[in-house]
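Listing of entry-v1.txt; format and content: compact mmCIF, C-alpha atoms.
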# COMPACT_ATOMS: atom_id res chain seq x y z
CA VAL A 1 15.07 93.76 21.33
CA GLY A 2 16.10 92.70 24.81
CA ARG A 3 19.80 93.22 25.17
CA ARG A 4 20.19 93.05 28.92
CA SER A 5 19.60 89.89 30.90
CA SER A 6 18.06 91.58 33.89
CA ALA A 7 16.27 94.85 34.28
CA ALA A 8 15.69 95.54 37.94
CA PRO A 9 12.76 97.82 38.78
CA PRO A 10 13.97 101.38 39.46
CA ALA A 11 12.74 101.25 43.05
CA GLU A 12 15.43 98.69 43.87
CA ARG A 13 18.29 101.05 42.99
CA PRO A 14 19.93 98.62 40.57
CA GLY A 15 23.30 100.38 40.77
CA GLU A 16 23.69 99.85 44.50
CA ARG A 17 22.35 96.34 44.40
CA ARG A 18 24.71 95.44 41.62
CA ALA A 19 27.68 96.98 43.43
CA ALA A 20 26.92 94.84 46.47
CA GLU A 21 26.64 91.70 44.34
CA MET A 22 29.90 92.50 42.59
CA LYS A 23 31.64 93.05 45.92
CA LYS A 24 30.48 89.64 47.07
CA LEU A 25 31.70 87.97 43.89
CA TYR A 26 34.99 89.77 43.30
CA GLY A 27 35.93 91.17 46.72
CA GLN A 28 38.59 93.87 46.55
CA ASP A 29 38.77 93.57 42.74
CA ALA A 30 35.08 94.45 42.32
CA ALA A 31 35.74 98.06 41.30
CA LYS A 32 38.25 97.00 38.62
CA ILE A 33 35.93 94.37 37.13
CA MET A 34 32.96 96.76 37.20
CA ALA A 35 35.00 99.41 35.39
CA MET A 36 36.05 96.93 32.68
CA GLU A 37 32.48 95.70 32.29
CA ALA A 38 31.08 99.23 32.13
CA ALA A 39 33.53 100.15 29.38
CA MET A 40 32.65 97.05 27.39
CA GLN A 41 28.90 97.49 27.79
CA LEU A 42 29.24 101.12 26.73
CA VAL A 43 30.85 100.09 23.44
CA PHE A 44 28.17 97.46 22.88
CA ASP A 45 25.31 99.88 23.58
CA ARG A 46 26.89 102.64 21.48
CA ASN A 47 27.45 100.31 18.53
CA CYS A 48 23.87 99.05 18.75
CA ASP A 49 22.50 102.61 18.82
CA LEU A 50 24.72 103.64 15.95
CA LYS A 51 24.39 100.60 13.68
CA GLN A 52 20.93 99.30 14.62
CA PRO A 53 21.88 95.66 14.08
CA LYS A 54 19.09 93.12 13.55
CA TYR A 55 19.18 89.63 14.98
CA TRP A 56 20.51 86.91 12.75
CA PRO A 57 19.01 84.46 12.36
CA VAL A 58 15.65 86.17 12.91
CA ILE A 59 14.31 83.09 14.66
CA PRO A 60 16.64 81.55 17.27
CA LEU A 61 18.26 78.29 16.17
CA LYS A 62 17.93 76.95 19.67
CA LEU A 63 14.95 77.82 21.83
CA GLN B 1 30.02 68.56 32.79
CA SER B 2 28.53 68.96 36.25
CA GLY B 3 31.81 68.00 37.90
CA TRP B 4 33.76 70.62 35.97
CA LEU B 5 31.04 73.25 36.30
CA HIS B 6 30.78 72.83 40.04
CA SER B 7 34.50 72.65 40.69
CA GLY B 8 34.51 76.45 40.91
CA PRO B 9 36.86 79.37 40.22
CA GLN B 10 39.83 78.16 42.26
CA LEU B 11 40.11 74.86 40.43
CA TRP B 12 39.50 76.56 37.07
CA LEU B 13 42.31 78.98 37.84
CA ARG B 14 44.65 76.10 38.65
CA CYS B 15 43.88 74.62 35.22
CA VAL B 16 44.75 77.86 33.36
CA HIS B 17 47.53 77.29 30.79
CA ARG B 18 47.09 73.52 30.92
CA GLN B 19 46.12 71.64 27.78
CA VAL B 20 42.49 70.59 27.91
CA ARG B 21 39.98 68.77 25.75
CA VAL B 22 36.50 70.28 25.68
CA THR B 23 33.53 68.31 24.37
CA ALA B 24 30.80 70.58 23.04
CA GLY B 25 27.31 70.49 21.60
CA LYS B 26 24.94 67.68 20.78
CA GLN B 27 27.40 66.30 18.22
CA ARG B 28 30.00 66.07 21.02
CA GLU B 29 32.67 67.82 18.98
CA GLU B 30 36.09 67.90 20.57
CA HIS B 31 38.15 71.03 20.95
CA ARG B 32 41.70 70.83 22.20
CA GLY B 33 43.88 73.73 23.32
CA TRP B 34 45.67 75.53 26.12
CA LEU B 35 43.21 76.90 28.65
CA LEU B 36 43.21 80.70 28.57
CA THR B 37 40.37 81.17 31.02
CA VAL B 38 36.90 80.11 32.10
CA ASP B 39 34.40 82.95 32.33
CA PRO B 40 32.85 82.73 35.80
CA VAL B 41 29.71 84.48 34.50
CA SER B 42 28.85 82.50 31.35
CA HIS B 43 31.04 79.45 32.07
CA SER B 44 32.46 79.82 28.57
CA VAL B 45 35.85 78.19 28.06
CA ALA B 46 38.59 79.97 26.08
CA LEU B 47 41.31 77.86 24.47
CA VAL B 48 44.48 78.86 22.63
CA SER B 49 46.14 76.94 19.81
CA PHE B 50 49.47 77.83 18.27
CA GLY B 51 49.95 77.44 14.54
CA GLU B 52 52.71 78.29 12.09
CA ASP B 53 51.79 81.94 11.75
CA GLY B 54 50.46 82.89 15.14
CA ALA B 55 47.86 81.83 17.61
CA SER B 56 44.14 81.33 17.42
CA VAL B 57 41.64 81.52 20.23
CA GLN B 58 38.57 79.37 20.40
CA VAL B 59 35.77 80.08 22.84
CA VAL B 60 33.24 77.36 23.61
CA LEU B 61 30.03 78.88 25.01
CA GLY B 62 29.19 77.76 28.51
CA HIS B 63 25.78 76.38 27.57
CA ALA B 64 27.39 74.10 24.97
CA VAL B 65 30.15 72.68 27.18
CA GLU B 66 29.51 69.01 27.83
CA HIS B 67 32.79 67.87 29.28
CA VAL B 68 36.25 69.24 30.10
CA GLU B 69 39.28 67.02 30.54
CA VAL B 70 42.74 68.21 31.59
CA LEU B 71 45.42 66.62 29.42
CA GLN B 72 48.83 68.02 30.38
CA GLU B 73 50.92 70.83 31.82
CA PRO B 74 52.37 73.36 29.38
CA ASP B 75 56.08 73.28 28.56
CA PRO B 76 57.99 76.48 29.54
CA ASP B 77 57.90 77.93 25.98
CA THR B 78 54.15 77.46 25.65
CA GLU B 79 53.62 78.86 29.13
CA GLU B 80 55.61 81.99 28.17
CA GLN B 81 53.63 82.43 24.93
CA LEU B 82 50.37 82.09 26.82
CA ARG B 83 51.42 84.61 29.43
CA SER B 84 52.24 87.27 26.86
CA LEU B 85 49.02 86.82 24.86
CA PHE B 86 46.52 89.32 26.30
CA GLN B 87 47.72 90.03 29.78
CA PRO B 88 49.99 92.95 30.45
CA PRO B 89 52.81 91.42 32.50
CA GLU B 90 51.97 92.48 36.02
CA PRO B 91 51.77 90.91 39.45
CA GLY B 92 48.45 89.43 40.44
CA GLY B 93 48.18 87.14 37.44
CA PRO B 94 47.37 83.46 37.82
CA ASP B 95 49.67 81.62 40.19
CA PRO B 96 51.82 78.86 38.73
CA SER C 1 23.56 84.30 39.88
CA ILE C 2 27.03 82.92 40.50
CA PRO C 3 26.99 80.69 43.55
CA THR C 4 29.75 81.02 46.10
CA SER C 5 30.96 77.71 47.43
CA ALA C 6 29.73 76.39 50.75
CA ALA C 7 33.27 76.47 52.17
CA ALA C 8 33.63 80.14 51.23
CA GLU C 9 30.47 81.05 53.12
CA SER C 10 32.04 80.25 56.47
CA ASP C 11 35.76 80.88 55.93
CA PRO C 12 36.87 84.47 55.15
CA GLN C 13 40.30 83.35 53.90
CA GLN C 14 38.68 80.83 51.56
CA LEU C 15 36.19 83.46 50.40
CA GLN C 16 38.99 85.88 49.53
CA GLU C 17 40.85 83.25 47.52
CA GLU C 18 37.69 82.37 45.64
CA GLN C 19 36.98 86.03 44.89
CA HIS C 20 40.55 86.50 43.66
CA ALA C 21 40.34 83.45 41.40
CA ARG C 22 37.00 84.62 40.00
CA SER C 23 38.34 88.09 39.30
CA VAL C 24 41.48 86.81 37.53
CA LEU C 25 39.37 84.49 35.35
CA ARG C 26 36.79 87.18 34.56
CA GLU C 27 39.44 89.78 33.71
CA ARG C 28 41.17 87.34 31.37
CA PHE C 29 37.86 86.62 29.65
CA LEU C 30 36.98 90.30 29.27
CA ARG C 31 40.45 90.99 27.80
CA CYS C 32 39.89 88.15 25.37
CA LEU C 33 36.56 89.69 24.23
CA LEU C 34 38.16 93.14 23.94
CA ALA C 35 40.98 91.69 21.84
CA MET C 36 38.38 90.46 19.33
CA SER C 37 37.08 93.86 18.30
CA ASN C 38 37.51 94.50 14.57
CA LYS C 39 38.82 90.97 14.08
CA LYS C 40 37.37 88.35 11.75
CA VAL C 41 35.53 85.82 13.87
CA ARG C 42 34.16 82.47 12.73
CA PHE C 43 31.01 81.35 14.53
CA HIS C 44 30.16 77.70 14.74
CA MET C 45 26.44 77.55 15.47
CA HIS C 46 23.73 75.02 16.13
CA GLU C 47 22.18 73.17 13.17
CA LYS C 48 25.64 73.07 11.54
CA VAL C 49 25.50 76.75 10.61
CA ASN C 50 28.93 78.34 10.15
CA VAL C 51 29.29 82.07 9.54
CA GLU C 52 32.04 84.65 9.52
CA ALA C 53 31.84 88.29 10.61
CA THR C 54 33.85 91.24 11.86
CA PHE C 55 33.46 91.35 15.61
CA GLY C 56 32.22 94.52 17.25
CA ALA C 57 31.39 93.95 20.89
CA SER C 58 29.70 91.63 23.34
CA ASP C 59 27.38 92.62 26.14
CA ILE C 60 28.82 91.86 29.57
CA ASP C 61 26.45 88.98 30.22
CA VAL C 62 27.66 87.32 27.00
CA LEU C 63 24.12 87.03 25.64
CA ASN C 64 24.62 88.88 22.35
CA PHE C 65 27.47 89.55 19.94
CA GLN C 66 27.33 92.69 17.84
CA VAL C 67 29.02 92.07 14.49
CA SER C 68 29.43 93.67 11.05
CA ASP C 69 29.67 92.17 7.55
CA LEU C 70 28.09 88.91 8.59
CA HIS C 71 28.47 86.36 5.81
CA THR C 72 25.35 84.23 6.05
CA PRO C 73 24.52 81.30 3.76
CA ILE C 74 22.14 83.61 1.86
CA GLY C 75 24.21 86.77 1.64
CA VAL C 76 25.93 89.48 3.62
CA GLN C 77 24.15 91.30 6.44
CA LYS C 78 25.88 94.61 7.08
CA GLU C 79 25.07 94.86 10.80
CA ALA C 80 23.85 92.02 12.97
CA LEU C 81 23.33 90.69 16.47
CA ILE C 82 24.07 87.05 17.14
CA ARG C 83 22.51 85.31 20.13
CA SER C 84 25.08 83.44 22.17
CA GLN C 85 22.47 80.69 22.68
CA ASP C 86 22.70 79.95 18.94
CA VAL C 87 26.47 79.60 19.11
CA ILE C 88 28.45 76.52 20.12
CA SER C 89 31.89 78.06 19.68
CA PHE C 90 33.74 80.85 17.90
CA THR C 91 37.31 81.27 16.75
CA PHE C 92 39.63 84.14 15.89
CA ASP C 93 43.32 84.57 15.12
CA VAL C 94 45.66 86.67 17.22
As structure tokens, the full file:
Amino acid sequence: VGRRSSAAPPAERPGERRAAEMKKLYGQDAAKIMAMEAAMQLVFDRNCDLKQPKYWPVIPLKL
Amino acid sequence: QSGWLHSGPQLWLRCVHRQVRVTAGKQREEHRGWLLTVDPVSHSVALVSFGEDGASVQVVLGHAVEHVEVLQEPDPDTEEQLRSLFQPPEPGGPDP
Amino acid sequence: SIPTSAAAESDPQQLQEEQHARSVLRERFLRCLLAMSNKKVRFHMHEKVNVEATFGASDIDVLNFQVSDLHTPIGVQKEALIRSQDVISFTFDV
């Protein structure tokens, strides 16, 4: 189950690369947006680990 | 859609709180409401409607948005209701 | 993959305004998603499929919605993931 849109190879230091991208997009608000996103993703990941939801419908309606 | 999509964050922000009509999906369904926000990541459009017992929020997914048309400015009461919806009242919100 | 406008590339003032606008819009959207947790949400999907569920969370890329008590046309699924690509719109009351 692929839950993340992009998985950068570890060699690229995804954290740093992402921080630079966020800075470019959100400027001085980058840290705030990243913190909000991290909190939200954490809840999503935790819920998925805890509840093990399965995709519905099993086959995508729209490919 | 391309016009709206490419107009960018500054124009989207200027449209916040205005009444808009969003056409969505292959069936070209129309959704009308006060613009809460446009997600700059997914291009999803969030609309608010006020009913007798509260408000409802409708989010049209970015991939389904066909067309967005701005209809009118909010009246002061609607504007106030929209402001108090999710945002804590603080400086740095959308400019009027 | 969010493009910055051509004007913003060359003008620092313009870039800052664009970044500010983007951040206000994104924060409002994230707050909207956060406000949905534990609320009943109605999903209007492709192929005229309409379902209701209790919202849990969305991933930050808005690709998947994690929901509980999903009422499908053939019964209730206790825990589910809905692909945003399958969804045209969704609605909840505040």
With all atoms listed in the file as the counted atoms, please give the residues lying no more than 12 Å from Val87 of chain C, apart from itself and same-chain residues fewer than 4 positions off, as a count of residues only. 34
Residues near Ser56 of chain B, anyone? I mean within 10 Å using all atoms listed in the file, not counting same-chain ones fewer than 2 positions away, as a tab-separated table (two decimals) with C-alpha atoms, keeping the file's coordinate frame.
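Saved as selection35.tsv:
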chain	number	residue	atom	x	y	z
B	33	GLY	CA	43.88	73.73	23.32
B	47	LEU	CA	41.31	77.86	24.47
B	48	VAL	CA	44.48	78.86	22.63
B	49	SER	CA	46.14	76.94	19.81
B	50	PHE	CA	49.47	77.83	18.27
B	51	GLY	CA	49.95	77.44	14.54
B	53	ASP	CA	51.79	81.94	11.75
B	54	GLY	CA	50.46	82.89	15.14
B	58	GLN	CA	38.57	79.37	20.40
C	91	THR	CA	37.31	81.27	16.75
C	92	PHE	CA	39.63	84.14	15.89
C	93	ASP	CA	43.32	84.57	15.12
C	94	VAL	CA	45.66	86.67	17.22
Residues within 10 Å of (47.5, 78.4, 31.9), file coordinates, counting all atoms listed in the file: what are they? Give the list as a VMD selection string. chain B and resid 12 to 19 34 to 37 47 to 48 73 to 74 78 to 80 82 to 83 94 to 96
Fewer than 5 positions away in the same chain doesn't count, so skip those; otherwise give me all residues within 8 Å of Asn38 of chain C, counting only C-alpha atoms, as a PyMOL selection string. chain C and resi 54-56
Out of C:Val41, C:Leu15, C:Ile60, C:Ala8, which residue has the shortest atom-to-atom distance to Glu27 of chain C when counting only C-alpha atoms? C:Ile60
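Proximity ranking of A:Arg13, A:Lys54, A:Lys23, A:Arg46 relative to chain C places A:Lys54 first, based on all atoms listed in the file.
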Could you list, as a ChimeraX atom specification, every residue within 9 Å of Ala31 of chain A, counting all atoms listed in the file and ignoring same-chain residues fewer than 5 positions away? /A:19,22-23,26,36
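Using only C-alpha atoms, the shortest contact distance between chain B and any of C:Ile74, C:Val67, C:Met36, C:Ala80 is found at C:Met36.
Atom pair atom CA of Ser42 of chain B / atom CA of Asp75 of chain B: separated by 28.9 Å.
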Considering all atoms listed in the file, give me a table of residues in chain A that are at most 10 Å from chain C, with the closest atom pair and distance in Å for each, as JSON lines.
{"residue": "A:Gly2", "atom": "CA", "partner": "C:Asn64", "partner_atom": "CA", "distance": 9.7}
{"residue": "A:Arg3", "atom": "CA", "partner": "C:Asn64", "partner_atom": "CA", "distance": 7.1}
{"residue": "A:Arg4", "atom": "CA", "partner": "C:Asp61", "partner_atom": "CA", "distance": 7.6}
{"residue": "A:Ser5", "atom": "CA", "partner": "C:Asp61", "partner_atom": "CA", "distance": 6.9}
{"residue": "A:Ser6", "atom": "CA", "partner": "C:Asp61", "partner_atom": "CA", "distance": 9.5}
{"residue": "A:Glu21", "atom": "CA", "partner": "C:Ser1", "partner_atom": "CA", "distance": 9.2}
{"residue": "A:Met22", "atom": "CA", "partner": "C:Gln19", "partner_atom": "CA", "distance": 9.9}
{"residue": "A:Lys23", "atom": "CA", "partner": "C:Gln19", "partner_atom": "CA", "distance": 8.9}
{"residue": "A:Lys24", "atom": "CA", "partner": "C:Gln19", "partner_atom": "CA", "distance": 7.7}
{"residue": "A:Leu25", "atom": "CA", "partner": "C:Gln19", "partner_atom": "CA", "distance": 5.7}
{"residue": "A:Tyr26", "atom": "CA", "partner": "C:Gln19", "partner_atom": "CA", "distance": 4.5}
{"residue": "A:Gly27", "atom": "CA", "partner": "C:Gln19", "partner_atom": "CA", "distance": 5.6}
{"residue": "A:Gln28", "atom": "CA", "partner": "C:His20", "partner_atom": "CA", "distance": 8.2}
{"residue": "A:Asp29", "atom": "CA", "partner": "C:Ser23", "partner_atom": "CA", "distance": 6.5}
{"residue": "A:Ala30", "atom": "CA", "partner": "C:Ser23", "partner_atom": "CA", "distance": 7.8}
{"residue": "A:Lys32", "atom": "CA", "partner": "C:Glu27", "partner_atom": "CA", "distance": 8.8}
{"residue": "A:Ile33", "atom": "CA", "partner": "C:Glu27", "partner_atom": "CA", "distance": 6.7}
{"residue": "A:Met34", "atom": "CA", "partner": "C:Ile60", "partner_atom": "CA", "distance": 10.0}
{"residue": "A:Met36", "atom": "CA", "partner": "C:Leu30", "partner_atom": "CA", "distance": 7.5}
{"residue": "A:Glu37", "atom": "CA", "partner": "C:Ile60", "partner_atom": "CA", "distance": 6.0}
{"residue": "A:Ala38", "atom": "CA", "partner": "C:Ile60", "partner_atom": "CA", "distance": 8.1}
{"residue": "A:Ala39", "atom": "CA", "partner": "C:Ile60", "partner_atom": "CA", "distance": 9.5}
{"residue": "A:Met40", "atom": "CA", "partner": "C:Ile60", "partner_atom": "CA", "distance": 6.8}
{"residue": "A:Gln41", "atom": "CA", "partner": "C:Asp59", "partner_atom": "CA", "distance": 5.4}
{"residue": "A:Leu42", "atom": "CA", "partner": "C:Asp59", "partner_atom": "CA", "distance": 8.7}
{"residue": "A:Val43", "atom": "CA", "partner": "C:Ala57", "partner_atom": "CA", "distance": 6.7}
{"residue": "A:Phe44", "atom": "CA", "partner": "C:Ala57", "partner_atom": "CA", "distance": 5.2}
{"residue": "A:Asp45", "atom": "CA", "partner": "C:Asp59", "partner_atom": "CA", "distance": 8.0}
{"residue": "A:Arg46", "atom": "CA", "partner": "C:Ala57", "partner_atom": "CA", "distance": 9.8}
{"residue": "A:Asn47", "atom": "CA", "partner": "C:Gly56", "partner_atom": "CA", "distance": 7.6}
{"residue": "A:Cys48", "atom": "CA", "partner": "C:Gln66", "partner_atom": "CA", "distance": 7.3}
{"residue": "A:Lys51", "atom": "CA", "partner": "C:Glu79", "partner_atom": "CA", "distance": 6.5}
{"residue": "A:Gln52", "atom": "CA", "partner": "C:Glu79", "partner_atom": "CA", "distance": 7.2}
{"residue": "A:Pro53", "atom": "CA", "partner": "C:Ala80", "partner_atom": "CA", "distance": 4.3}
{"residue": "A:Lys54", "atom": "CA", "partner": "C:Ala80", "partner_atom": "CA", "distance": 4.9}
{"residue": "A:Tyr55", "atom": "CA", "partner": "C:Leu81", "partner_atom": "CA", "distance": 4.5}
{"residue": "A:Trp56", "atom": "CA", "partner": "C:Ile82", "partner_atom": "CA", "distance": 5.7}
{"residue": "A:Pro57", "atom": "CA", "partner": "C:Ile82", "partner_atom": "CA", "distance": 7.4}
{"residue": "A:Val58", "atom": "CA", "partner": "C:Ile82", "partner_atom": "CA", "distance": 9.5}
{"residue": "A:Ile59", "atom": "CA", "partner": "C:Asp86", "partner_atom": "CA", "distance": 9.9}
{"residue": "A:Pro60", "atom": "CA", "partner": "C:Asp86", "partner_atom": "CA", "distance": 6.5}
{"residue": "A:Leu61", "atom": "CA", "partner": "C:Asp86", "partner_atom": "CA", "distance": 5.5}
{"residue": "A:Lys62", "atom": "CA", "partner": "C:Asp86", "partner_atom": "CA", "distance": 5.7}
{"residue": "A:Leu63", "atom": "CA", "partner": "C:Gln85", "partner_atom": "CA", "distance": 8.1}
Would you compute the distance between atom CA of Trp4 of chain B and atom CA of Arg21 of chain B? Give it in Å to one decimal.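 Value for the atom CA of Trp4 of chain B-atom CA of Arg21 of chain B distance: 12.1 Å.
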When you draw a straight line from atom CA of Val38 of chain B to atom CA of Phe29 of chain C, how long is it in Å?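 Between these atoms lies a distance of 7.0 Å.
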